[in-house]
>>> print(open('final_16.txt').read())   # compact mmCIF, C-alpha atoms
# COMPACT_ATOMS: atom_id res chain seq x y z
CA MET A 1 0.00 0.00 0.00
CA ARG A 2 2.73 2.44 0.95
CA HIS A 3 4.68 1.72 -2.23
CA SER A 4 1.64 2.49 -4.40
CA VAL A 5 1.13 5.79 -2.55
CA SER A 6 4.70 6.89 -3.31
CA VAL A 7 4.18 6.21 -7.02
CA VAL A 8 1.14 8.46 -7.03
CA VAL A 9 3.12 11.08 -5.10
CA ALA A 10 5.69 11.31 -7.90
CA GLY A 11 3.00 12.42 -10.33
CA VAL A 12 1.48 14.76 -7.78
CA LEU A 13 4.79 16.53 -7.15
CA VAL A 14 5.48 17.04 -10.84
CA LEU A 15 2.01 18.45 -11.32
CA CYS A 16 2.50 20.74 -8.35
CA GLY A 17 5.79 21.99 -9.74
CA CYS A 18 4.08 22.99 -12.99
CA THR A 19 1.35 25.06 -11.38
CA GLY A 20 3.65 27.98 -10.63
CA SER A 21 3.59 30.23 -7.59
CA GLY A 22 1.60 33.19 -8.73
CA ASN A 23 -1.87 32.33 -7.49
CA THR A 24 -1.58 29.38 -5.13
CA HIS A 25 -1.40 29.66 -1.35
CA THR A 26 -0.52 27.20 1.35
CA SER A 27 0.24 27.01 5.06
CA LEU A 28 3.59 27.00 6.75
CA PRO A 29 5.07 23.63 7.73
CA GLU A 30 4.30 23.29 11.45
CA GLY A 31 3.61 27.01 11.58
CA ASP A 32 1.48 29.00 13.95
CA GLU A 33 -2.10 28.46 12.83
CA SER A 34 -2.85 32.12 13.52
CA ALA A 35 -0.12 33.33 11.15
CA ASP A 36 -0.96 34.81 7.77
CA VAL A 37 -0.89 32.27 4.95
CA PRO A 38 2.14 33.01 2.77
CA ASP A 39 2.44 32.90 -0.98
CA THR A 40 4.17 29.93 -2.49
CA GLY A 41 6.90 32.14 -3.90
CA HIS A 42 8.39 32.27 -0.40
CA ALA A 43 10.13 29.44 1.39
CA PRO A 44 8.10 28.27 4.36
CA SER A 45 9.09 29.66 7.72
CA HIS A 46 9.20 26.82 10.25
CA ASP A 47 7.52 28.52 13.20
CA ASP A 48 7.22 26.80 16.58
CA SER A 49 6.69 29.83 18.80
CA SER A 50 4.23 32.64 19.34
CA ASP A 51 6.58 34.90 17.38
CA SER A 52 5.33 33.82 13.97
CA GLY A 53 6.94 36.82 12.30
CA SER A 54 10.51 35.65 12.94
CA ASN A 55 12.46 34.26 10.01
CA ALA A 56 15.52 32.68 11.58
CA VAL A 57 18.19 31.03 9.46
CA PRO A 58 20.61 28.51 11.01
CA GLU A 59 24.19 29.68 11.27
CA GLN A 60 26.54 29.09 8.33
CA LEU A 61 28.24 25.69 8.55
CA PRO A 62 30.64 23.61 6.43
CA PRO A 63 29.24 21.89 3.32
CA ALA A 64 28.04 18.32 3.65
CA LYS A 65 29.29 15.22 1.89
CA SER A 66 26.97 12.26 1.93
CA VAL A 67 25.78 9.45 -0.27
CA MET A 68 22.66 7.67 -1.47
CA CYS A 69 19.41 9.61 -1.24
CA HIS A 70 20.56 12.19 1.26
CA VAL A 71 22.78 15.11 0.28
CA ASP A 72 25.91 15.03 -1.83
CA GLU A 73 27.62 18.41 -1.87
CA THR A 74 30.74 17.60 -3.83
CA ALA A 75 29.40 20.19 -6.25
CA VAL A 76 28.13 23.67 -5.41
CA ALA A 77 24.39 23.75 -4.79
CA GLN A 78 22.41 25.55 -7.44
CA ALA A 79 18.79 26.53 -7.76
CA PRO A 80 16.89 25.03 -10.71
CA ALA A 81 17.56 26.81 -13.99
CA PRO A 82 14.64 28.96 -15.24
CA ALA A 83 12.64 27.69 -18.19
CA PRO A 84 13.25 29.31 -21.62
CA ALA A 85 11.16 32.38 -22.34
CA GLY A 86 7.72 31.58 -23.70
CA LYS A 87 7.83 27.95 -22.61
CA PRO A 88 6.24 26.72 -19.38
CA GLY A 89 8.59 25.10 -16.87
CA LYS A 90 8.25 21.32 -16.82
CA PRO A 91 10.40 19.62 -14.16
CA ALA A 92 11.55 16.09 -14.85
CA PRO A 93 9.93 13.35 -12.76
CA ALA A 94 11.80 12.61 -9.55
CA SER A 95 13.67 9.32 -9.43
CA LYS A 96 15.16 7.17 -6.71
CA ASP A 97 18.59 8.32 -5.49
CA ALA A 98 18.87 10.86 -8.32
CA GLY A 99 21.46 13.51 -7.42
CA ASN A 100 20.80 16.13 -4.78
CA PRO A 101 17.40 17.20 -3.52
CA PRO A 102 16.11 20.34 -5.25
CA THR A 103 17.31 23.65 -3.82
CA VAL A 104 14.62 26.06 -2.63
CA GLN A 105 14.80 29.66 -3.81
CA GLN A 106 15.00 31.24 -0.34
CA PRO A 107 16.68 30.14 2.91
CA ILE A 108 14.82 27.61 5.02
CA SER A 109 14.00 29.06 8.41
CA ILE A 110 13.38 27.33 11.72
CA SER A 111 11.68 29.02 14.64
CA PRO A 112 11.91 30.09 17.39
CA LYS A 113 14.58 32.41 16.05
CA GLU A 114 17.06 31.54 18.84
CA LEU A 115 17.45 27.98 17.53
CA MET A 116 20.81 27.42 15.88
CA TRP A 117 22.48 24.27 14.65
CA ARG A 118 25.04 22.81 17.06
CA ILE A 119 23.76 24.40 20.24
CA ASP A 120 23.68 21.98 23.20
CA GLU A 121 20.82 20.41 25.17
CA LYS A 122 21.00 23.02 27.93
CA ARG A 123 20.61 25.88 25.46
CA VAL A 124 17.63 24.19 23.79
CA ALA A 125 16.00 23.81 27.22
CA GLU A 126 16.56 27.51 27.90
CA ILE A 127 15.03 28.50 24.56
CA TYR A 128 11.96 26.36 25.11
CA GLY A 129 11.62 27.64 28.64
CA LYS A 130 10.81 30.99 27.04
CA VAL A 131 8.52 29.31 24.50
CA ILE A 132 6.58 27.67 27.34
CA ASP A 133 6.33 31.04 29.12
CA GLY A 134 4.78 32.43 25.93
CA ASP A 135 2.27 29.58 25.80
CA TYR A 136 0.91 30.67 29.20
CA LYS A 137 0.89 34.42 28.57
CA GLU A 138 -2.83 34.60 27.83
CA LYS A 139 -3.71 32.49 30.88
CA TYR A 140 -1.70 34.80 33.14
CA GLN A 141 -3.50 37.83 31.72
CA LYS A 142 -6.84 36.31 32.69
CA ALA A 143 -5.77 34.92 36.09
CA GLN A 144 -6.24 36.72 39.39
CA ILE A 145 -3.13 37.34 41.44
CA GLY A 146 -2.98 34.81 44.24
CA PRO A 147 -3.91 31.12 44.12
CA GLU A 148 -4.60 31.22 40.35
CA THR A 149 -1.20 32.67 39.41
CA ILE A 150 0.56 30.37 41.89
CA ALA A 151 -1.13 27.38 40.23
CA LEU A 152 0.00 28.66 36.83
CA ASP A 153 3.56 29.11 38.12
CA ASN A 154 3.58 25.46 39.17
CA GLU A 155 2.11 24.34 35.84
CA VAL A 156 4.71 26.28 33.85
CA GLN A 157 7.57 24.95 35.95
CA GLN A 158 6.28 21.41 35.56
CA ALA A 159 6.15 21.78 31.76
CA LYS A 160 9.75 23.01 31.73
CA ASP A 161 10.89 20.18 34.01
CA VAL A 162 9.16 17.57 31.84
CA PHE A 163 11.05 18.83 28.80
CA LYS A 164 14.39 18.78 30.61
CA ARG A 165 13.75 15.26 31.90
CA SER A 166 12.93 14.07 28.38
CA LEU A 167 16.67 13.94 27.66
CA LEU A 168 17.43 10.42 26.47
CA GLU A 169 20.90 9.00 25.88
CA PHE A 170 21.45 6.41 23.16
CA GLY A 171 24.11 4.50 25.03
CA ALA A 172 24.61 0.75 25.20
CA ILE A 173 21.07 -0.23 26.23
CA PRO A 174 18.29 -0.20 23.58
CA THR A 175 15.45 2.27 24.16
CA GLY A 176 11.74 2.29 23.49
CA VAL A 177 12.32 4.73 20.64
CA ASP A 178 13.38 1.72 18.55
CA ALA A 179 9.70 0.75 18.34
CA SER A 180 8.73 4.15 16.88
CA PRO A 181 9.02 5.60 13.36
CA LEU A 182 12.11 7.48 14.59
CA LYS A 183 14.21 4.32 14.47
CA GLY A 184 17.08 5.01 12.09
CA GLU A 185 17.37 8.69 13.02
CA TYR A 186 20.04 7.91 15.66
CA THR A 187 22.64 5.30 16.58
CA TYR A 188 23.88 3.81 19.85
CA ASN A 189 27.27 4.21 21.55
CA ASN A 190 28.11 7.35 19.57
CA ALA A 191 27.35 10.11 22.10
CA GLU A 192 23.88 10.77 20.68
CA THR A 193 20.96 12.13 22.68
CA MET A 194 17.37 13.18 22.11
CA MET A 195 14.86 15.55 23.71
CA ARG A 196 11.10 15.76 23.13
CA ILE A 197 8.46 18.39 23.73
CA THR A 198 4.71 18.21 23.15
CA ARG A 199 2.81 21.47 23.15
CA LYS A 200 -0.40 22.64 21.51
CA GLY A 201 -1.03 19.05 20.48
CA LYS A 202 2.21 18.83 18.47
CA THR A 203 5.36 16.85 19.20
CA ARG A 204 8.87 17.97 18.28
CA ASP A 205 12.00 15.83 18.70
CA PHE A 206 15.53 17.24 18.96
CA PHE A 207 18.55 15.09 18.11
CA PHE A 208 22.08 15.83 19.30
CA ILE A 209 25.43 14.26 18.51
CA GLN A 210 28.33 14.99 20.88
CA HIS A 211 25.92 17.46 22.55
CA HIS A 212 25.37 19.45 19.33
CA LEU A 213 21.90 19.91 17.87
CA TRP A 214 21.85 18.58 14.32
CA LYS A 215 18.30 17.41 13.61
CA ILE A 216 14.74 18.46 14.47
CA VAL A 217 11.80 16.19 13.67
CA ASP A 218 8.17 17.28 13.94
CA GLU A 219 5.52 14.57 14.26
CA ILE A 220 2.58 15.86 12.23
CA PRO A 221 -0.94 14.36 12.30
CA LEU A 222 -2.89 13.53 9.14
CA GLY A 223 -6.68 13.53 8.82
CA GLU A 224 -9.63 15.09 7.06
CA LYS A 225 -9.64 18.04 9.48
CA GLU A 226 -5.89 18.33 9.97
CA GLN A 227 -3.80 21.26 8.71
CA TRP A 228 -1.73 19.12 6.33
CA GLY A 229 -4.55 17.06 4.86
CA ALA A 230 -5.88 13.55 5.05
CA SER A 231 -2.88 11.74 3.60
CA TYR A 232 0.86 11.88 3.06
CA ALA A 233 0.23 12.76 -0.60
CA ASP A 234 -1.94 15.70 0.48
CA ALA A 235 0.83 16.96 2.75
CA LEU A 236 3.41 16.72 -0.04
CA ILE A 237 1.24 18.81 -2.35
CA LYS A 238 1.14 21.59 0.25
CA ILE A 239 4.84 21.43 1.09
CA ALA A 240 5.90 21.37 -2.57
CA GLY A 241 3.55 24.27 -3.21
CA ALA A 242 5.07 26.25 -0.34
CA TYR A 243 8.61 25.67 -1.60
CA GLY A 244 7.56 26.26 -5.19
CA ILE A 245 9.33 23.14 -6.42
CA PRO A 246 8.69 19.37 -6.34
CA GLY A 247 10.88 17.38 -3.99
CA ARG A 248 13.08 14.37 -4.66
CA ILE A 249 11.56 10.98 -3.88
CA CYS A 250 13.68 8.51 -1.92
CA GLN A 251 12.29 5.02 -1.50
CA ALA A 252 12.88 3.13 1.75
CA ASP A 253 16.38 1.63 1.95
CA TYR A 254 16.82 -0.47 5.09
CA GLU A 255 20.49 -1.17 4.44
CA HIS A 256 21.20 2.57 4.77
CA ALA A 257 18.89 3.17 7.78
CA ARG A 258 16.18 4.80 5.67
CA ASN A 259 13.15 2.92 6.97
CA HIS A 260 10.47 4.93 5.18
CA THR A 261 9.81 6.63 1.87
CA GLU A 262 10.90 10.27 1.98
CA VAL A 263 10.67 13.38 -0.18
CA ASP A 264 13.32 16.04 0.43
CA TRP A 265 14.41 19.60 -0.30
CA ARG A 266 17.41 21.69 0.76
CA ASP A 267 19.09 25.06 0.90
CA ALA A 268 22.76 25.83 1.56
CA GLN A 269 22.62 24.76 5.22
CA THR A 270 19.54 22.63 5.84
CA GLN A 271 17.89 19.55 4.38
CA VAL A 272 14.12 19.11 4.81
CA ARG A 273 12.71 15.57 4.70
CA ALA A 274 8.99 14.77 4.58
CA ILE A 275 8.85 11.18 5.86
CA GLU A 276 5.97 8.77 5.24
CA TRP A 277 5.29 7.08 8.59
CA ASP A 278 1.74 5.74 8.53
CA ASP A 279 -1.81 6.68 7.56
CA LYS A 280 -2.22 9.01 10.55
CA THR A 281 1.17 10.70 10.90
CA PHE A 282 4.16 11.87 8.90
CA GLY A 283 7.49 13.29 9.97
CA LEU A 284 8.98 16.60 8.88
CA ALA A 285 12.73 16.55 9.59
CA PHE A 286 15.14 19.48 9.41
CA VAL A 287 18.78 18.37 9.20
CA ASP A 288 22.05 20.30 9.57
CA LEU A 289 24.04 19.63 6.41
CA GLY A 290 27.33 20.42 8.13
CA THR A 291 26.87 17.58 10.60
CA LEU A 292 25.35 15.29 7.98
CA GLY A 293 28.54 15.51 5.97
CA GLN A 294 30.59 14.34 8.97
CA LEU A 295 28.35 11.54 10.25
CA ALA A 296 30.81 8.81 9.30
CA SER A 297 33.42 10.29 11.64
CA PHE A 298 30.87 10.83 14.43
CA ARG A 299 29.35 7.36 14.17
CA GLN A 300 32.35 5.07 14.38
CA ASN A 301 30.78 2.59 16.80
CA LYS A 302 28.56 0.02 15.13
CA ALA A 303 25.33 -1.29 16.62
CA THR A 304 25.58 -4.43 18.72
CA THR A 305 22.88 -6.83 19.86
CA THR A 306 22.90 -7.28 23.63
CA ASN A 307 19.26 -8.27 24.24
CA GLY A 308 18.82 -5.11 26.28
CA VAL A 309 21.72 -5.80 28.63
CA ASP A 310 24.67 -3.45 29.02
CA PRO A 311 27.75 -5.23 27.55
CA SER A 312 29.82 -4.14 30.56
CA VAL A 313 27.72 -6.33 32.87
CA GLN A 314 26.80 -9.05 30.44
CA ASP A 315 29.81 -11.23 31.34
CA VAL A 316 28.96 -10.96 35.04
CA MET A 317 25.37 -12.03 34.40
CA HIS A 318 26.35 -14.85 32.06
CA THR A 319 25.30 -18.23 33.47
CA PRO A 320 28.36 -20.53 33.50
CA GLU A 321 28.08 -23.86 31.78
CA ALA A 322 27.56 -26.89 34.05
CA PRO A 323 30.73 -28.95 34.67
CA PRO A 324 30.99 -32.18 32.65
CA VAL A 325 29.43 -35.22 34.32
CA LYS A 326 31.91 -37.91 35.26
CA ASP A 327 31.43 -41.32 33.77
CA LYS A 328 31.06 -43.92 36.56
CA LYS A 329 32.92 -46.46 34.42
CA ASP A 330 36.04 -44.28 34.63
CA ASP A 331 35.93 -44.44 38.46
CA LYS A 332 35.71 -48.24 38.42
CA LYS A 333 38.77 -48.47 36.19
CA LYS A 334 40.78 -46.66 38.86
>>> encode(input="final_16.txt", output="structure tokens")
Amino acid sequence: MRHSVSVVVAGVLVLCGCTGSGNTHTSLPEGDESADVPDTGHAPSHDDSSDSGSNAVPEQLPPAKSVMCHVDETAVAQAPAPAPAGKPGKPAPASKDAGNPPTVQQPISISPKELMWRIDEKRVAEIYGKVIDGDYKEKYQKAQIGPETIALDNEVQQAKDVFKRSLLEFGAIPTGVDASPLKGEYTYNNAETMMRITRKGKTRDFFFIQHHLWKIVDEIPLGEKEQWGASYADALIKIAGAYGIPGRICQADYEHARNHTEVDWRDAQTQVRAIEWDDKTFGLAFVDLGTLGQLASFRQNKATTTNGVDPSVQDVMHTPEAPPVKDKKDDKKK
């Protein structure tokens, strides 16, 4: 079923790319629902705060070098060439593992504006402490000073503490995240960590390697009444319309830790991956190209199977083999 959907998506994206950006509108990926709907000639601003007007761009980082259906930056990234005058643009159909993902015309932004690639877990917690404060601003304005504001203070502090405690280390022991669609976004024994926050009914996951933020994944619901449509194909139409260009289709490739079909885009610093998870949810991942190009050096330890037991204690817990049973005939011979 999923394979047939991705085939349809290829046609949808090409069609979307031919519609142009003059008279079509769409929403921002994971944006503030109250924000104005932008025109498709502008790259979507990835807004996760009450400050929907911010247009933050991650700091400049080294170019990435990767293989397969991620990003290969051995050549300088270029935007698609304009169509000849008088002839409508007609992008070629996307194909599996074909070159780089298409480059969007304007920088990809991620909000809140304080977010930068390669900041550490503590800094992310500080940034989202302010985001949580903003979430409660309206409630404070309506609350009476006294028991009501004290209750709100406790609620805000609890939300901040929950986010800080969400820090998960991918050490030697397997985690429950392996049973989720996020499997493949991280490795074990390579100083990788993850944090998660759920607010306003949306979940965002932060991935760190050697305590540097390098990936953000938003878990986005699908449905008839949802912002991004009833299906993965519906979501891709809107995203491609927002970026003004069809994405590159990458089929699932389990040997290279790509467990789902993806469609991706990029600018000079960030790769965006729309990931097909299931009928009710898809993932929208933002990836630092600078770190992506160095993953091989960061991930030198390979995965090992320990059945959930830390290798350092596995020998201690190992049940010794029973000693060989003596043959009674041997005793008689003596």
>>> closest_atom_pairs(input="final_16.txt", of="region 274-308 of chain A", to="region 236-251 of chain A", cutoff="12 Å", atoms="only C-alpha atoms", output="CSV")
residue,atom,partner,partner_atom,distance
A:Ala274,CA,A:Leu236,CA,7.5
A:Ile275,CA,A:Cys250,CA,9.5
A:Glu276,CA,A:Leu236,CA,9.9
A:Phe282,CA,A:Leu236,CA,10.2
A:Gly283,CA,A:Leu236,CA,11.3
A:Leu284,CA,A:Ile239,CA,10.1
>>> atom_distance(input="final_16.txt", atom1="CA of Ile127 (chain A)", atom2="CA of Pro107 (chain A)")
21.8 Å
>>> atom_distance(input="final_16.txt", atom1="CA of Ala191 (chain A)", atom2="CA of Phe298 (chain A)")
8.5 Å
>>> closest_residue(input="final_16.txt", among="A:Gly201, A:Gly290, A:Gly146, A:Gly176", to="Lys215 (chain A)", atoms="only C-alpha atoms")
A:Gly290
>>> atom_distance(input="final_16.txt", atom1="CA of Ala268 (chain A)", atom2="CA of Ala235 (chain A)")
23.7 Å
>>> residues_around(input="final_16.txt", residues="Asp205 (chain A)", least_positions_apart="6", cutoff="8 Å", atoms="all atoms listed in the file", output="ChimeraX atom specification")
/A:194-197,216-219
>>> closest_residue(input="final_16.txt", among="A:Tyr186, A:Tyr232, A:Trp117, A:Tyr128", to="Leu295 (chain A)", atoms="only C-alpha atoms")
A:Tyr186
